[in-house]
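Text of start15.pdb (PDB, C-alpha atoms) as supplied:
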ATOM      1  CA  MET A   1      16.807  -5.108  10.818  1.00  0.00           C
ATOM      2  CA  GLU A   2      20.347  -3.776  10.277  1.00  0.00           C
ATOM      3  CA  GLN A   3      22.283  -7.009   9.816  1.00  0.00           C
ATOM      4  CA  THR A   4      25.890  -7.376   8.851  1.00  0.00           C
ATOM      5  CA  PHE A   5      25.850  -7.078   5.084  1.00  0.00           C
ATOM      6  CA  SER A   6      28.531  -5.687   2.850  1.00  0.00           C
ATOM      7  CA  ASN A   7      28.392  -4.519  -0.737  1.00  0.00           C
ATOM      8  CA  ALA A   8      29.688  -1.563  -2.759  1.00  0.00           C
ATOM      9  CA  PHE A   9      27.046   0.863  -1.439  1.00  0.00           C
ATOM     10  CA  SER A  10      27.316  -0.206   2.201  1.00  0.00           C
ATOM     11  CA  ARG A  11      31.101   0.147   2.032  1.00  0.00           C
ATOM     12  CA  ILE A  12      30.677   3.760   0.835  1.00  0.00           C
ATOM     13  CA  VAL A  13      28.336   4.448   3.771  1.00  0.00           C
ATOM     14  CA  ALA A  14      30.751   2.795   6.228  1.00  0.00           C
ATOM     15  CA  LYS A  15      33.659   4.971   5.051  1.00  0.00           C
ATOM     16  CA  PHE A  16      31.910   8.042   6.441  1.00  0.00           C
ATOM     17  CA  GLU A  17      30.530   6.706   9.753  1.00  0.00           C
ATOM     18  CA  LYS A  18      33.295   8.321  11.831  1.00  0.00           C
ATOM     19  CA  VAL A  19      33.009  11.704  10.105  1.00  0.00           C
ATOM     20  CA  PRO A  20      31.057  14.307  12.151  1.00  0.00           C
ATOM     21  CA  GLY A  21      27.314  14.513  11.310  1.00  0.00           C
ATOM     22  CA  PRO A  22      26.894  17.494   8.945  1.00  0.00           C
ATOM     23  CA  LEU A  23      30.191  16.795   7.193  1.00  0.00           C
ATOM     24  CA  ARG A  24      29.275  13.084   6.925  1.00  0.00           C
ATOM     25  CA  ARG A  25      26.083  13.872   5.021  1.00  0.00           C
ATOM     26  CA  TRP A  26      27.904  16.171   2.601  1.00  0.00           C
ATOM     27  CA  ALA A  27      30.796  13.718   2.047  1.00  0.00           C
ATOM     28  CA  ARG A  28      28.472  10.735   1.591  1.00  0.00           C
ATOM     29  CA  SER A  29      26.368  12.697  -0.921  1.00  0.00           C
ATOM     30  CA  LYS A  30      29.481  13.672  -2.883  1.00  0.00           C
ATOM     31  CA  ALA A  31      30.726  10.064  -2.900  1.00  0.00           C
ATOM     32  CA  PHE A  32      27.377   8.706  -4.104  1.00  0.00           C
ATOM     33  CA  GLY A  33      27.241  11.514  -6.682  1.00  0.00           C
ATOM     34  CA  ARG A  34      30.519  10.269  -8.135  1.00  0.00           C
ATOM     35  CA  TYR A  35      29.191   6.707  -8.142  1.00  0.00           C
ATOM     36  CA  VAL A  36      25.924   7.692  -9.882  1.00  0.00           C
ATOM     37  CA  LYS A  37      26.875  10.674 -12.026  1.00  0.00           C
ATOM     38  CA  PHE A  38      23.389  11.935 -12.901  1.00  0.00           C
ATOM     39  CA  ALA A  39      22.423  12.103  -9.214  1.00  0.00           C
ATOM     40  CA  GLY A  40      25.645  14.014  -8.575  1.00  0.00           C
ATOM     41  CA  THR A  41      24.942  16.469 -11.377  1.00  0.00           C
ATOM     42  CA  ALA A  42      21.529  17.279  -9.874  1.00  0.00           C
ATOM     43  CA  GLY A  43      23.087  17.646  -6.412  1.00  0.00           C
ATOM     44  CA  ILE A  44      20.990  14.981  -4.730  1.00  0.00           C
ATOM     45  CA  ASP A  45      21.656  15.086  -0.993  1.00  0.00           C
ATOM     46  CA  PHE A  46      21.543  11.823   0.992  1.00  0.00           C
ATOM     47  CA  GLU A  47      20.175  12.479   4.485  1.00  0.00           C
ATOM     48  CA  GLU A  48      19.892   8.829   5.521  1.00  0.00           C
ATOM     49  CA  VAL A  49      21.145   5.664   3.864  1.00  0.00           C
ATOM     50  CA  SER A  50      20.533   2.267   5.446  1.00  0.00           C
ATOM     51  CA  THR A  51      19.536  -1.189   4.287  1.00  0.00           C
ATOM     52  CA  ALA A  52      15.928  -0.489   5.312  1.00  0.00           C
ATOM     53  CA  ARG A  53      15.438   3.143   4.259  1.00  0.00           C
ATOM     54  CA  VAL A  54      16.887   5.907   2.100  1.00  0.00           C
ATOM     55  CA  ILE A  55      16.020   9.593   2.490  1.00  0.00           C
ATOM     56  CA  CYS A  56      17.322  12.046  -0.064  1.00  0.00           C
ATOM     57  CA  HIS A  57      16.634  15.605  -1.160  1.00  0.00           C
ATOM     58  CA  ILE A  58      16.848  17.787  -4.235  1.00  0.00           C
ATOM     59  CA  ARG A  59      17.012  21.554  -4.022  1.00  0.00           C
ATOM     60  CA  ASN A  60      14.902  23.945  -6.022  1.00  0.00           C
ATOM     61  CA  VAL A  61      17.861  25.702  -7.626  1.00  0.00           C
ATOM     62  CA  SER A  62      18.267  26.936 -11.194  1.00  0.00           C
ATOM     63  CA  LYS A  63      19.969  23.799 -12.568  1.00  0.00           C
ATOM     64  CA  ASN A  64      16.982  21.704 -11.391  1.00  0.00           C
ATOM     65  CA  GLN A  65      14.199  24.127 -12.332  1.00  0.00           C
ATOM     66  CA  ASN A  66      11.582  24.217 -15.025  1.00  0.00           C
ATOM     67  CA  HIS A  67      10.245  27.283 -16.828  1.00  0.00           C
ATOM     68  CA  ILE A  68       8.056  28.296 -13.848  1.00  0.00           C
ATOM     69  CA  LYS A  69      10.945  28.164 -11.336  1.00  0.00           C
ATOM     70  CA  GLY A  70       9.842  24.913  -9.692  1.00  0.00           C
ATOM     71  CA  VAL A  71      11.712  21.601  -9.567  1.00  0.00           C
ATOM     72  CA  HIS A  72      11.585  20.167 -13.096  1.00  0.00           C
ATOM     73  CA  ALA A  73       9.395  17.106 -13.682  1.00  0.00           C
ATOM     74  CA  ALA A  74      12.420  15.049 -14.733  1.00  0.00           C
ATOM     75  CA  ALA A  75      14.304  16.100 -11.584  1.00  0.00           C
ATOM     76  CA  MET A  76      11.372  14.978  -9.430  1.00  0.00           C
ATOM     77  CA  ALA A  77      11.414  11.584 -11.146  1.00  0.00           C
ATOM     78  CA  LEU A  78      15.198  11.417 -10.716  1.00  0.00           C
ATOM     79  CA  LEU A  79      14.817  11.996  -6.974  1.00  0.00           C
ATOM     80  CA  ALA A  80      12.308   9.134  -6.621  1.00  0.00           C
ATOM     81  CA  GLU A  81      14.389   6.862  -8.858  1.00  0.00           C
ATOM     82  CA  THR A  82      17.532   7.623  -6.855  1.00  0.00           C
ATOM     83  CA  ALA A  83      15.934   6.932  -3.465  1.00  0.00           C
ATOM     84  CA  THR A  84      14.420   3.637  -4.613  1.00  0.00           C
ATOM     85  CA  GLY A  85      17.543   2.569  -6.503  1.00  0.00           C
ATOM     86  CA  PHE A  86      19.768   3.150  -3.493  1.00  0.00           C
ATOM     87  CA  ALA A  87      17.307   1.277  -1.239  1.00  0.00           C
ATOM     88  CA  VAL A  88      17.711  -1.739  -3.527  1.00  0.00           C
ATOM     89  CA  GLY A  89      21.426  -1.096  -4.035  1.00  0.00           C
ATOM     90  CA  MET A  90      22.133  -1.140  -0.298  1.00  0.00           C
ATOM     91  CA  ASN A  91      20.924  -4.754  -0.227  1.00  0.00           C
ATOM     92  CA  LEU A  92      22.144  -6.129  -3.532  1.00  0.00           C
ATOM     93  CA  PRO A  93      25.127  -8.493  -3.533  1.00  0.00           C
ATOM     94  CA  ASP A  94      28.087  -7.222  -5.558  1.00  0.00           C
ATOM     95  CA  ASP A  95      27.646  -9.973  -8.165  1.00  0.00           C
ATOM     96  CA  LYS A  96      24.199  -8.637  -9.132  1.00  0.00           C
ATOM     97  CA  LEU A  97      23.244  -5.728 -11.379  1.00  0.00           C
ATOM     98  CA  PRO A  98      20.308  -3.444 -10.471  1.00  0.00           C
ATOM     99  CA  LEU A  99      18.048  -2.324 -13.310  1.00  0.00           C
ATOM    100  CA  LEU A 100      15.061  -0.002 -13.236  1.00  0.00           C
ATOM    101  CA  LYS A 101      12.326  -2.136 -14.785  1.00  0.00           C
ATOM    102  CA  SER A 102       9.497   0.390 -14.735  1.00  0.00           C
ATOM    103  CA  MET A 103       8.810   3.911 -13.564  1.00  0.00           C
ATOM    104  CA  LYS A 104       5.351   5.380 -13.220  1.00  0.00           C
ATOM    105  CA  VAL A 105       5.137   9.014 -12.132  1.00  0.00           C
ATOM    106  CA  GLU A 106       1.876  10.913 -11.748  1.00  0.00           C
ATOM    107  CA  TYR A 107       2.234  14.654 -11.383  1.00  0.00           C
ATOM    108  CA  LYS A 108      -0.507  15.768  -8.974  1.00  0.00           C
ATOM    109  CA  LYS A 109       0.292  19.382  -8.126  1.00  0.00           C
ATOM    110  CA  ARG A 110       2.920  22.069  -8.434  1.00  0.00           C
ATOM    111  CA  ALA A 111       5.817  21.494  -6.028  1.00  0.00           C
ATOM    112  CA  GLN A 112       6.702  24.164  -3.484  1.00  0.00           C
ATOM    113  CA  GLY A 113      10.442  24.559  -2.857  1.00  0.00           C
ATOM    114  CA  ASP A 114      12.866  21.716  -2.206  1.00  0.00           C
ATOM    115  CA  LEU A 115      11.795  18.058  -2.357  1.00  0.00           C
ATOM    116  CA  LYS A 116      12.405  15.032  -0.137  1.00  0.00           C
ATOM    117  CA  ALA A 117      12.055  11.354  -1.093  1.00  0.00           C
ATOM    118  CA  VAL A 118      11.733   8.488   1.375  1.00  0.00           C
ATOM    119  CA  ALA A 119      12.073   4.939   0.052  1.00  0.00           C
ATOM    120  CA  ALA A 120      11.808   1.889   2.282  1.00  0.00           C
ATOM    121  CA  LEU A 121      11.954  -1.863   1.880  1.00  0.00           C
ATOM    122  CA  THR A 122      10.224  -4.464   4.033  1.00  0.00           C
ATOM    123  CA  ALA A 123      12.183  -7.293   5.660  1.00  0.00           C
ATOM    124  CA  GLU A 124      10.699  -9.657   3.076  1.00  0.00           C
ATOM    125  CA  GLN A 125      11.826  -7.431   0.187  1.00  0.00           C
ATOM    126  CA  ILE A 126      15.330  -7.126   1.666  1.00  0.00           C
ATOM    127  CA  ASN A 127      15.549 -10.919   1.941  1.00  0.00           C
ATOM    128  CA  SER A 128      14.470 -11.350  -1.697  1.00  0.00           C
ATOM    129  CA  VAL A 129      16.996  -8.791  -2.994  1.00  0.00           C
ATOM    130  CA  ARG A 130      19.808 -10.417  -1.022  1.00  0.00           C
ATOM    131  CA  THR A 131      19.049 -14.065  -1.744  1.00  0.00           C
ATOM    132  CA  LEU A 132      17.321 -14.497  -5.102  1.00  0.00           C
ATOM    133  CA  GLU A 133      19.491 -14.976  -8.189  1.00  0.00           C
ATOM    134  CA  LYS A 134      17.253 -12.561 -10.072  1.00  0.00           C
ATOM    135  CA  GLY A 135      13.942 -10.912  -9.456  1.00  0.00           C
ATOM    136  CA  ASP A 136      12.112  -7.646  -9.114  1.00  0.00           C
ATOM    137  CA  VAL A 137      10.520  -5.571  -6.394  1.00  0.00           C
ATOM    138  CA  LEU A 138       8.093  -2.652  -6.236  1.00  0.00           C
ATOM    139  CA  VAL A 139       9.839  -0.109  -4.018  1.00  0.00           C
ATOM    140  CA  PRO A 140       7.529   2.278  -2.160  1.00  0.00           C
ATOM    141  CA  VAL A 141       8.613   5.926  -2.258  1.00  0.00           C
ATOM    142  CA  THR A 142       7.014   9.101  -0.973  1.00  0.00           C
ATOM    143  CA  VAL A 143       8.058  12.473  -2.390  1.00  0.00           C
ATOM    144  CA  THR A 144       7.075  15.584  -0.436  1.00  0.00           C
ATOM    145  CA  ASP A 145       7.739  19.274  -0.933  1.00  0.00           C
ATOM    146  CA  GLU A 146       8.496  21.997   1.612  1.00  0.00           C
ATOM    147  CA  SER A 147       4.779  22.461   2.353  1.00  0.00           C
ATOM    148  CA  GLY A 148       4.391  18.749   3.160  1.00  0.00           C
ATOM    149  CA  ASN A 149       2.368  18.009   0.025  1.00  0.00           C
ATOM    150  CA  GLU A 150       3.046  15.099  -2.328  1.00  0.00           C
ATOM    151  CA  PRO A 151       3.404  16.711  -5.766  1.00  0.00           C
ATOM    152  CA  ILE A 152       4.074  13.336  -7.410  1.00  0.00           C
ATOM    153  CA  ILE A 153       2.947   9.764  -6.814  1.00  0.00           C
ATOM    154  CA  CYS A 154       5.452   7.154  -7.990  1.00  0.00           C
ATOM    155  CA  GLU A 155       5.736   3.434  -8.609  1.00  0.00           C
ATOM    156  CA  MET A 156       9.270   2.208  -9.165  1.00  0.00           C
ATOM    157  CA  VAL A 157       9.942  -1.443  -9.972  1.00  0.00           C
ATOM    158  CA  TRP A 158      13.564  -2.489  -9.679  1.00  0.00           C
ATOM    159  CA  ALA A 159      14.943  -5.749 -11.043  1.00  0.00           C
ATOM    160  CA  TRP A 160      18.261  -7.442 -10.494  1.00  0.00           C
ATOM    161  CA  ILE A 161      20.179  -9.976 -12.527  1.00  0.00           C
ATOM    162  CA  PRO A 162      23.596 -11.626 -12.277  1.00  0.00           C
ATOM    163  CA  LYS A 163      26.394  -9.386 -13.592  1.00  0.00           C
ATOM    164  CA  LYS A 164      27.872 -12.318 -15.505  1.00  0.00           C
ATOM    165  CA  ARG A 165      25.655 -14.438 -17.680  1.00  0.00           C
ATOM    166  CA  ASN A 166      26.149 -18.190 -17.479  1.00  0.00           C
TER     167      ASN A 166
END
Encoded form (structure tokens):
Amino acid sequence: MEQTFSNAFSRIVAKFEKVPGPLRRWARSKAFGRYVKFAGTAGIDFEEVSTARVICHIRNVSKNQNHIKGVHAAAMALLAETATGFAVGMNLPDDKLPLLKSMKVEYKKRAQGDLKAVAALTAEQINSVRTLEKGDVLVPVTVTDESGNEPIICEMVWAWIPKKRN
């Protein structure tokens, strides 16, 4: 499904395509962290970023921990929000503004170690994000911990509107 499409996020990804693998991931994560400051503060690591799928991680380190030394509830939600937001952002024309419309997070069990989020869009969703003047989309995301369990179940609805009002 990777078609030629260019926007602010895809240009950031393209800047690092010729950088060797492990260094590319680190550099891309730092660049996105400067673009979205809160994600940078938490140290969100972007493993894969494409127009169809985003995979990112958050480490269970002190700045992200709760009182029982696990990843804080807010940090878990941030991870899911970041993955889904970048999935939409990779497809959004530069003249549109992405907005999180709703976030539902159910905490199911205590997380073990670091967390990984995988957000993906269907071809139909990608087409809507790219072509509609404004709209919204429910972005599926799965968050797993080091043991393979899903400590949270999330529903993230992203909307987009024109940056300039008519």
Neighbouring residues of segment 128-137 of chain A were defined as those with any atom within 7 Å, considering all atoms listed in the file; residues of the same chain fewer than 5 positions away were excluded. Please report them as a PDB file with C-alpha atoms, keeping the file's coordinate frame.
ATOM      1  CA  ASN A  91      20.924  -4.754  -0.227  1.00  0.00           C
ATOM      2  CA  LEU A  92      22.144  -6.129  -3.532  1.00  0.00           C
ATOM      3  CA  PRO A  93      25.127  -8.493  -3.533  1.00  0.00           C
ATOM      4  CA  VAL A 157       9.942  -1.443  -9.972  1.00  0.00           C
ATOM      5  CA  TRP A 158      13.564  -2.489  -9.679  1.00  0.00           C
ATOM      6  CA  ALA A 159      14.943  -5.749 -11.043  1.00  0.00           C
ATOM      7  CA  TRP A 160      18.261  -7.442 -10.494  1.00  0.00           C
ATOM      8  CA  ILE A 161      20.179  -9.976 -12.527  1.00  0.00           C
ATOM      9  CA  PRO A 162      23.596 -11.626 -12.277  1.00  0.00           C
TER      10      PRO A 162
END
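Counting all atoms listed in the file, the residue from A:Val13, A:Ala111, A:Ile55, A:Ala80 that sits nearest to Gly148 of chain A is A:Ala111.
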task: With the file shown as input, list the residues that the PyMOL selection byres ((chain A and resi 57-60) around 7) selects, as a PyMOL selection string.
output: chain A and resi 43-46+56+61-62+64-65+70-71+79+113-117
Keeping only C-alpha atoms, write the selected residues to a file as a PDB file, in the frame of the given file.
ATOM      1  CA  GLY A  43      23.087  17.646  -6.412  1.00  0.00           C
ATOM      2  CA  ILE A  44      20.990  14.981  -4.730  1.00  0.00           C
ATOM      3  CA  ASP A  45      21.656  15.086  -0.993  1.00  0.00           C
ATOM      4  CA  PHE A  46      21.543  11.823   0.992  1.00  0.00           C
ATOM      5  CA  CYS A  56      17.322  12.046  -0.064  1.00  0.00           C
ATOM      6  CA  VAL A  61      17.861  25.702  -7.626  1.00  0.00           C
ATOM      7  CA  SER A  62      18.267  26.936 -11.194  1.00  0.00           C
ATOM      8  CA  ASN A  64      16.982  21.704 -11.391  1.00  0.00           C
ATOM      9  CA  GLN A  65      14.199  24.127 -12.332  1.00  0.00           C
ATOM     10  CA  GLY A  70       9.842  24.913  -9.692  1.00  0.00           C
ATOM     11  CA  VAL A  71      11.712  21.601  -9.567  1.00  0.00           C
ATOM     12  CA  LEU A  79      14.817  11.996  -6.974  1.00  0.00           C
ATOM     13  CA  GLY A 113      10.442  24.559  -2.857  1.00  0.00           C
ATOM     14  CA  ASP A 114      12.866  21.716  -2.206  1.00  0.00           C
ATOM     15  CA  LEU A 115      11.795  18.058  -2.357  1.00  0.00           C
ATOM     16  CA  LYS A 116      12.405  15.032  -0.137  1.00  0.00           C
ATOM     17  CA  ALA A 117      12.055  11.354  -1.093  1.00  0.00           C
TER      18      ALA A 117
END
Shortest interatomic distance to Asn127 of chain A - which of A:Thr51, A:Leu99, A:Pro22, A:Thr142, counting all atoms listed in the file: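 Checking each of A:Thr51, A:Leu99, A:Pro22, A:Thr142 against Asn127 of chain A, counting all atoms listed in the file, the winner is A:Thr51.
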- request: Point out the residue among A:Leu23, A:His67, A:Ile12, A:Gly85 with the least atom-to-atom distance to Ala39 of chain A, counting only C-alpha atoms.
  value: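 For Ala39 of chain A, the nearest of the candidates is A:Gly85.
Around the coordinate (9.2, -3.1, 6.0), residues that reach within 10 Å when counting all atoms listed in the file are A:Met1, A:Ala52, A:Arg53, A:Ala120, A:Leu121, A:Thr122, A:Ala123, A:Glu124, A:Gln125, A:Ile126, A:Pro140.
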message: Show me, as a list in words, the residues that have an atom within 12 Å of Ser50 of chain A when counting all atoms listed in the file, minus same-chain residues fewer than 6 positions from it.
response: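 Listed by chain and then number, they are Met1, Glu2, Gln3, Thr4, Phe5, Ser6, Phe9, Ser10, Arg11, Ile12, Val13, Ala14, Glu17, Cys56, Ala83, Thr84, Phe86, Ala87, Val88, Gly89, Met90, Asn91, Val118, Ala119, Ala120, Leu121 and Ile126 of chain A.
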Distance in Å - atom CA of Val141 of chain A versus atom CA of Phe32 of chain A: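 So the two atoms, atom CA of Val141 of chain A and atom CA of Phe32 of chain A, lie 19.1 Å apart.
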message: Once the PyMOL selection byres ((chain A and resi 154) around 10) is applied to the coordinates I shared, what remains selected? I want it as a PyMOL selection string.
response: chain A and resi 76-77+80-81+103-107+139-143+152-153+155-157
Selected residue, from A:Val49, A:Leu138, A:Ala42, A:Ala8, that lies nearest to Arg25 of chain A when counting all atoms listed in the file: A:Val49
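Our summary of the geometry notes that atom CA of Val54 of chain A is positioned 28.9 Å from atom CA of Ile68 of chain A.
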query: Closest to Lys15 of chain A among A:Lys109, A:Pro151, A:Ala75, A:Ala27, using all atoms listed in the file?
result: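 Going through A:Lys109, A:Pro151, A:Ala75, A:Ala27 one by one, the smallest distance to Lys15 of chain A is for A:Ala27.
The spacing separating atom CA of Lys96 of chain A from atom CA of Lys163 of chain A amounts to 5.0 Å.
Distance annotation: of A:Asn149, A:Glu48, A:Lys108, A:Tyr35, the residue with the minimal separation from Ala73 of chain A is A:Lys108; atom set is all atoms listed in the file.
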For segment 127-153 of chain A of the block above, can you save N, CA and C atoms as a PDB file, in the first residue's frame?
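Wrote it out as out_1.pdb, contents follow:
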ATOM      1  N   ASN A 127      -7.295   6.161   2.793  1.00  0.00           N
ATOM      2  CA  ASN A 127      -7.917   6.960   1.738  1.00  0.00           C
ATOM      3  C   ASN A 127      -8.766   8.084   2.336  1.00  0.00           C
ATOM      4  N   SER A 128      -9.514   7.785   3.382  1.00  0.00           N
ATOM      5  CA  SER A 128     -10.351   8.816   4.022  1.00  0.00           C
ATOM      6  C   SER A 128      -9.494   9.933   4.605  1.00  0.00           C
ATOM      7  N   VAL A 129      -8.433   9.566   5.331  1.00  0.00           N
ATOM      8  CA  VAL A 129      -7.562  10.566   5.962  1.00  0.00           C
ATOM      9  C   VAL A 129      -6.931  11.467   4.901  1.00  0.00           C
ATOM     10  N   ARG A 130      -6.540  10.881   3.786  1.00  0.00           N
ATOM     11  CA  ARG A 130      -5.858  11.642   2.740  1.00  0.00           C
ATOM     12  C   ARG A 130      -6.788  12.508   1.908  1.00  0.00           C
ATOM     13  N   THR A 131      -8.045  12.107   1.756  1.00  0.00           N
ATOM     14  CA  THR A 131      -8.900  12.777   0.775  1.00  0.00           C
ATOM     15  C   THR A 131     -10.043  13.610   1.345  1.00  0.00           C
ATOM     16  N   LEU A 132     -10.535  13.256   2.526  1.00  0.00           N
ATOM     17  CA  LEU A 132     -11.668  14.010   3.068  1.00  0.00           C
ATOM     18  C   LEU A 132     -11.211  15.327   3.682  1.00  0.00           C
ATOM     19  N   GLU A 133     -11.998  16.365   3.487  1.00  0.00           N
ATOM     20  CA  GLU A 133     -11.691  17.687   4.039  1.00  0.00           C
ATOM     21  C   GLU A 133     -11.574  17.640   5.560  1.00  0.00           C
ATOM     22  N   LYS A 134     -12.526  16.919   6.173  1.00  0.00           N
ATOM     23  CA  LYS A 134     -12.482  16.686   7.611  1.00  0.00           C
ATOM     24  C   LYS A 134     -13.190  15.374   7.886  1.00  0.00           C
ATOM     25  N   GLY A 135     -12.872  14.805   9.030  1.00  0.00           N
ATOM     26  CA  GLY A 135     -13.494  13.531   9.366  1.00  0.00           C
ATOM     27  C   GLY A 135     -12.887  12.972  10.628  1.00  0.00           C
ATOM     28  N   ASP A 136     -13.219  11.710  10.901  1.00  0.00           N
ATOM     29  CA  ASP A 136     -12.609  11.039  12.038  1.00  0.00           C
ATOM     30  C   ASP A 136     -12.488   9.551  11.740  1.00  0.00           C
ATOM     31  N   VAL A 137     -11.631   8.896  12.501  1.00  0.00           N
ATOM     32  CA  VAL A 137     -11.357   7.488  12.286  1.00  0.00           C
ATOM     33  C   VAL A 137     -10.993   6.836  13.617  1.00  0.00           C
ATOM     34  N   LEU A 138     -11.538   5.639  13.844  1.00  0.00           N
ATOM     35  CA  LEU A 138     -11.165   4.830  14.994  1.00  0.00           C
ATOM     36  C   LEU A 138      -9.913   4.059  14.592  1.00  0.00           C
ATOM     37  N   VAL A 139      -8.813   4.319  15.292  1.00  0.00           N
ATOM     38  CA  VAL A 139      -7.536   3.703  14.937  1.00  0.00           C
ATOM     39  C   VAL A 139      -7.264   2.529  15.869  1.00  0.00           C
ATOM     40  N   PRO A 140      -7.221   1.310  15.320  1.00  0.00           N
ATOM     41  CA  PRO A 140      -6.923   0.151  16.158  1.00  0.00           C
ATOM     42  C   PRO A 140      -5.491   0.204  16.683  1.00  0.00           C
ATOM     43  N   VAL A 141      -5.321  -0.171  17.947  1.00  0.00           N
ATOM     44  CA  VAL A 141      -3.981  -0.214  18.546  1.00  0.00           C
ATOM     45  C   VAL A 141      -3.950  -1.367  19.542  1.00  0.00           C
ATOM     46  N   THR A 142      -2.841  -2.079  19.532  1.00  0.00           N
ATOM     47  CA  THR A 142      -2.622  -3.156  20.493  1.00  0.00           C
ATOM     48  C   THR A 142      -1.392  -2.800  21.310  1.00  0.00           C
ATOM     49  N   VAL A 143      -1.519  -2.849  22.625  1.00  0.00           N
ATOM     50  CA  VAL A 143      -0.395  -2.576  23.522  1.00  0.00           C
ATOM     51  C   VAL A 143      -0.079  -3.868  24.273  1.00  0.00           C
ATOM     52  N   THR A 144       1.175  -4.314  24.143  1.00  0.00           N
ATOM     53  CA  THR A 144       1.609  -5.533  24.825  1.00  0.00           C
ATOM     54  C   THR A 144       2.816  -5.234  25.701  1.00  0.00           C
ATOM     55  N   ASP A 145       2.974  -6.069  26.736  1.00  0.00           N
ATOM     56  CA  ASP A 145       4.133  -5.927  27.614  1.00  0.00           C
ATOM     57  C   ASP A 145       5.163  -7.006  27.274  1.00  0.00           C
ATOM     58  N   GLU A 146       6.242  -7.053  28.055  1.00  0.00           N
ATOM     59  CA  GLU A 146       7.323  -7.991  27.766  1.00  0.00           C
ATOM     60  C   GLU A 146       6.888  -9.450  27.840  1.00  0.00           C
ATOM     61  N   SER A 147       5.827  -9.745  28.595  1.00  0.00           N
ATOM     62  CA  SER A 147       5.354 -11.126  28.703  1.00  0.00           C
ATOM     63  C   SER A 147       4.375 -11.486  27.579  1.00  0.00           C
ATOM     64  N   GLY A 148       4.060 -10.510  26.719  1.00  0.00           N
ATOM     65  CA  GLY A 148       3.128 -10.750  25.624  1.00  0.00           C
ATOM     66  C   GLY A 148       1.681 -10.480  25.969  1.00  0.00           C
ATOM     67  N   ASN A 149       1.412 -10.089  27.213  1.00  0.00           N
ATOM     68  CA  ASN A 149       0.056  -9.766  27.640  1.00  0.00           C
ATOM     69  C   ASN A 149      -0.343  -8.367  27.200  1.00  0.00           C
ATOM     70  N   GLU A 150      -1.650  -8.130  27.132  1.00  0.00           N
ATOM     71  CA  GLU A 150      -2.191  -6.809  26.820  1.00  0.00           C
ATOM     72  C   GLU A 150      -2.700  -6.180  28.114  1.00  0.00           C
ATOM     73  N   PRO A 151      -1.876  -5.359  28.772  1.00  0.00           N
ATOM     74  CA  PRO A 151      -2.309  -4.773  30.043  1.00  0.00           C
ATOM     75  C   PRO A 151      -3.401  -3.727  29.887  1.00  0.00           C
ATOM     76  N   ILE A 152      -3.523  -3.142  28.700  1.00  0.00           N
ATOM     77  CA  ILE A 152      -4.567  -2.149  28.444  1.00  0.00           C
ATOM     78  C   ILE A 152      -5.255  -2.454  27.118  1.00  0.00           C
ATOM     79  N   ILE A 153      -6.508  -2.096  27.044  1.00  0.00           N
ATOM     80  CA  ILE A 153      -7.296  -2.170  25.811  1.00  0.00           C
ATOM     81  C   ILE A 153      -7.708  -0.731  25.505  1.00  0.00           C
TER      82      ILE A 153
END
